[in-house]
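First the structure, in the form of structure tokens, and then the observations on it.
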Amino acid sequence: MKGKIALVTGGMGGIGTSICQYLAKENALVIATYHHRENRDAALAWQTAQKNLGYDIQTCHVDVCDFSSCTDMVVSLEKIYGRIDILVNNAGITRDIPFHKMEVSQWNDVLRTNLDSVFNVTRNVINGMIKNNYGRIINISSINAQKGQYGQTNYTAAKAGMHGFTKSIAQEVAKNGITVNTISPGYIETNMVMSLSTSILNKIIEQIPVKRLGQPEEIARAVTFLAAEKSSFITGSNLVINGGQYLL
């Protein structure tokens with residue numbers, strides 16, 4: 001992976017940070033995005049923390065919900081680095097609430113951030129990948145895209161939409177040396193999951209056959225595998241990583 005340019009949206013979260021680190025370990029030049037309305041100082045602090053750990057990761061701001069913002073980002077990155085070889089669509093949010101209480105804004109916010117963003121960023125990098133006859137696109141979905149989840153109609157709809165997107169785009173660009181795959185994590189030990197009450201966490205773990213939460217590194221290793229040049233025969237697939245909690 002040496003010399004490959006990797007772009008990771010939502011790269012500063014729990015799973016995103018591990019993805020960036022693992023790609024950097026493989027000698028890719030990694031760029032992590034953060035929302036342009038967030039505090040740039042926080043992004044710089046994250047970058048410094050990564051550097052202190054031995055990871056030289058670049059950062060850029062973008063609103064993944066806004067197509068023009070994504071266009072500006074990709075144009076800027078291609079001017080600096082020449083191309084984008086690997087795209088990891090990892091940005092996502094939750095706005096959990098039972099459907100009969102869900103506001104239009106809660107639906108729109110999640111669909112725009114979790115699904116529209118996949119279109120916005122991928123659409124802006126795909127032509128460069130086609131031109132270069134090479135690309136790796138990896139979309140981070142969720143176990144709940146497959147099984148559904150109470151209070152997550154918006155999140156589940158968005159994450160399930162990734163699967164159809166992946167399968168369709170994979171067929172269109174396979175001839176151009178581009179693979180497109182999805183990873184569906186189960187419950188991973190991130191700050192968001194660990195903020196749940198102990199009783200809820202225990203109930204979740206009880207439902208997982210391996211009797212533990214997943215680690216961000218386990219998702220990152222899978223991303224690195226799919227992003228490798230030698231993974232060129234894997235496309236249109238969904239890699240399920242959930243400890244056996246939900247099996248198709």
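Within each chain, counting starts at residue 1; across the structure tokens, chains are named A, B, ... in the order shown, with ligands numbered 1 upward in that order.
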Using only C-alpha atoms, which residues sit within 10 Å of Phe165 in chain A once same-chain residues fewer than 2 positions away are excluded, as a VMD selection string? chain A and resid 115 118 to 119 139 160 to 163 167 to 170 180 to 182 236
Same residues, C-alpha atoms, saved as a PDB file, in the first residue's frame:
ATOM      1  CA  LEU A 115     -26.103   7.884   3.155  1.00  0.00           C
ATOM      2  CA  VAL A 118     -21.541   8.257   0.554  1.00  0.00           C
ATOM      3  CA  PHE A 119     -22.850   9.600  -2.739  1.00  0.00           C
ATOM      4  CA  ASN A 139     -18.311   1.707   3.047  1.00  0.00           C
ATOM      5  CA  ALA A 160     -29.008  -0.591   4.556  1.00  0.00           C
ATOM      6  CA  GLY A 161     -28.912   1.783   1.603  1.00  0.00           C
ATOM      7  CA  MET A 162     -25.134   1.421   1.577  1.00  0.00           C
ATOM      8  CA  HIS A 163     -25.452  -2.226   0.565  1.00  0.00           C
ATOM      9  CA  LYS A 167     -23.423  -3.702  -5.163  1.00  0.00           C
ATOM     10  CA  SER A 168     -24.493  -1.417  -7.990  1.00  0.00           C
ATOM     11  CA  ILE A 169     -21.365   0.732  -8.145  1.00  0.00           C
ATOM     12  CA  ALA A 170     -19.162  -2.364  -7.869  1.00  0.00           C
ATOM     13  CA  VAL A 180     -16.332  -1.412  -3.850  1.00  0.00           C
ATOM     14  CA  ASN A 181     -17.182  -3.258  -0.632  1.00  0.00           C
ATOM     15  CA  THR A 182     -19.101  -2.815   2.598  1.00  0.00           C
ATOM     16  CA  GLY A 236     -19.657  -5.952  -4.240  1.00  0.00           C
TER      17      GLY A 236
END
Could you go through range 33-156 of chain A and tell me which residues DSSP, when run on the backbone, assigns to alpha helix (DSSP H), listing them as a ChimeraX atom specification? /A:40-52,67-81,104-111,117-132,144-147,153-156
Selection file, C-alpha atoms, as a short mmCIF file (atom, residue, chain, number, x, y, z; two decimals), in the first residue's frame:
data_model
loop_
_atom_site.label_atom_id
_atom_site.label_comp_id
_atom_site.auth_asym_id
_atom_site.auth_seq_id
_atom_site.Cartn_x
_atom_site.Cartn_y
_atom_site.Cartn_z
CA ARG A 40 -10.12 23.14 14.15
CA ASP A 41 -8.09 23.18 17.33
CA ALA A 42 -9.61 19.81 18.26
CA ALA A 43 -8.61 18.42 14.86
CA LEU A 44 -5.08 19.71 15.31
CA ALA A 45 -4.94 18.18 18.78
CA TRP A 46 -6.06 14.83 17.35
CA GLN A 47 -3.44 15.07 14.62
CA THR A 48 -0.74 15.87 17.16
CA ALA A 49 -1.82 12.94 19.34
CA GLN A 50 -1.56 10.62 16.35
CA LYS A 51 1.87 11.97 15.49
CA ASN A 52 3.02 11.32 19.05
CA PHE A 67 -21.99 18.03 -2.44
CA SER A 68 -20.19 21.30 -3.23
CA SER A 69 -18.11 21.04 -0.07
CA CYS A 70 -17.08 17.51 -1.08
CA THR A 71 -16.21 18.73 -4.57
CA ASP A 72 -14.00 21.49 -3.16
CA MET A 73 -12.28 19.01 -0.85
CA VAL A 74 -11.52 16.47 -3.57
CA VAL A 75 -10.31 19.13 -6.02
CA SER A 76 -7.98 20.49 -3.33
CA LEU A 77 -6.65 17.05 -2.36
CA GLU A 78 -6.08 16.04 -5.97
CA LYS A 79 -4.09 19.24 -6.54
CA ILE A 80 -1.91 18.42 -3.55
CA TYR A 81 -1.55 14.64 -3.85
CA VAL A 104 -38.45 15.10 9.89
CA SER A 105 -35.18 16.76 10.95
CA GLN A 106 -34.07 13.57 12.75
CA TRP A 107 -34.75 11.54 9.62
CA ASN A 108 -33.07 14.02 7.30
CA ASP A 109 -29.99 14.56 9.47
CA VAL A 110 -29.20 10.84 9.61
CA LEU A 111 -29.96 10.11 5.95
CA SER A 117 -22.47 11.56 2.20
CA VAL A 118 -21.54 8.26 0.55
CA PHE A 119 -22.85 9.60 -2.74
CA ASN A 120 -21.33 13.05 -2.25
CA VAL A 121 -17.79 11.86 -1.59
CA THR A 122 -17.76 8.82 -3.86
CA ARG A 123 -19.18 10.75 -6.80
CA ASN A 124 -16.35 13.25 -6.50
CA VAL A 125 -13.54 10.68 -6.36
CA ILE A 126 -14.85 8.07 -8.80
CA ASN A 127 -13.82 9.78 -12.04
CA GLY A 128 -10.25 10.13 -10.82
CA MET A 129 -10.19 6.45 -9.95
CA ILE A 130 -11.60 5.53 -13.35
CA LYS A 131 -8.97 7.68 -15.03
CA ASN A 132 -6.22 5.94 -13.04
CA ASN A 144 -28.49 -2.99 12.22
CA ALA A 145 -28.69 -2.54 8.46
CA GLN A 146 -29.27 -6.28 8.31
CA LYS A 147 -31.40 -7.02 11.36
CA THR A 153 -35.48 3.47 11.58
CA ASN A 154 -33.49 6.39 10.18
CA TYR A 155 -30.06 4.88 10.93
CA THR A 156 -31.05 1.42 9.69
#
Going by DSSP on the backbone, which bits of range 182-229 of chain A are strand (DSSP E or B)? Write them as a list in words, please. Thr182, Ile183, Ser184, Pro185, Ile188 and Gly214 of chain A
Keeping C-alpha atoms, export the residues of the selection given above as a PDB file, in the first residue's frame.
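Once written, out30.pdb looks like this:
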ATOM      1  CA  THR A 182     -19.101  -2.815   2.598  1.00  0.00           C
ATOM      2  CA  ILE A 183     -18.139  -3.707   6.149  1.00  0.00           C
ATOM      3  CA  SER A 184     -20.934  -4.197   8.696  1.00  0.00           C
ATOM      4  CA  PRO A 185     -19.631  -3.945  12.261  1.00  0.00           C
ATOM      5  CA  ILE A 188     -17.782  -2.029  18.853  1.00  0.00           C
ATOM      6  CA  GLY A 214     -15.669  -5.816  19.145  1.00  0.00           C
TER       7      GLY A 214
END
Write out as a PyMOL selection string the residues lying within 7 Å of Cys60 in chain A, counting only C-alpha atoms and excluding same-chain residues fewer than 6 positions away. chain A and resi 31-34
Next, dump the selected residues to file, keeping only N, CA, C and O atoms, as a PDB file, in the first residue's frame.
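Generated output (selection.pdb):
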ATOM      1  N   ILE A  31      -5.523  10.683   4.937  1.00  0.00           N
ATOM      2  CA  ILE A  31      -6.154  11.979   5.195  1.00  0.00           C
ATOM      3  C   ILE A  31      -7.482  11.715   5.906  1.00  0.00           C
ATOM      4  O   ILE A  31      -8.346  11.008   5.379  1.00  0.00           O
ATOM      5  N   ALA A  32      -7.632  12.274   7.088  1.00  0.00           N
ATOM      6  CA  ALA A  32      -8.862  12.129   7.864  1.00  0.00           C
ATOM      7  C   ALA A  32      -9.674  13.416   7.770  1.00  0.00           C
ATOM      8  O   ALA A  32      -9.125  14.512   7.875  1.00  0.00           O
ATOM      9  N   THR A  33     -10.976  13.281   7.567  1.00  0.00           N
ATOM     10  CA  THR A  33     -11.814  14.475   7.473  1.00  0.00           C
ATOM     11  C   THR A  33     -12.466  14.796   8.812  1.00  0.00           C
ATOM     12  O   THR A  33     -12.668  13.937   9.658  1.00  0.00           O
ATOM     13  N   TYR A  34     -12.784  16.062   8.974  1.00  0.00           N
ATOM     14  CA  TYR A  34     -13.608  16.488  10.092  1.00  0.00           C
ATOM     15  C   TYR A  34     -14.554  17.558   9.582  1.00  0.00           C
ATOM     16  O   TYR A  34     -14.306  18.210   8.567  1.00  0.00           O
TER      17      TYR A  34
END
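Nearest to Gly177 in chain A of all the residues A:Val64, A:Met1, A:Met102, A:Ile137 is A:Ile137, counting only C-alpha atoms.
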Between A:Asn114, A:Thr224, A:Asn242, A:Thr17, which has the minimum distance to Val210 in chain A (counting only C-alpha atoms)?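 The closest residue to Val210 in chain A is A:Asn242.
Counting only C-alpha atoms and comparing A:Lys101, A:Gly16, A:His35, A:Gln21, the residue that lies closest to Ile57 in chain A is A:Gln21.
If only C-alpha atoms are the atoms counted, then among A:Ile208, A:Leu23, A:Leu196, A:Ile15 the closest residue to Phe225 in chain A is A:Leu23.
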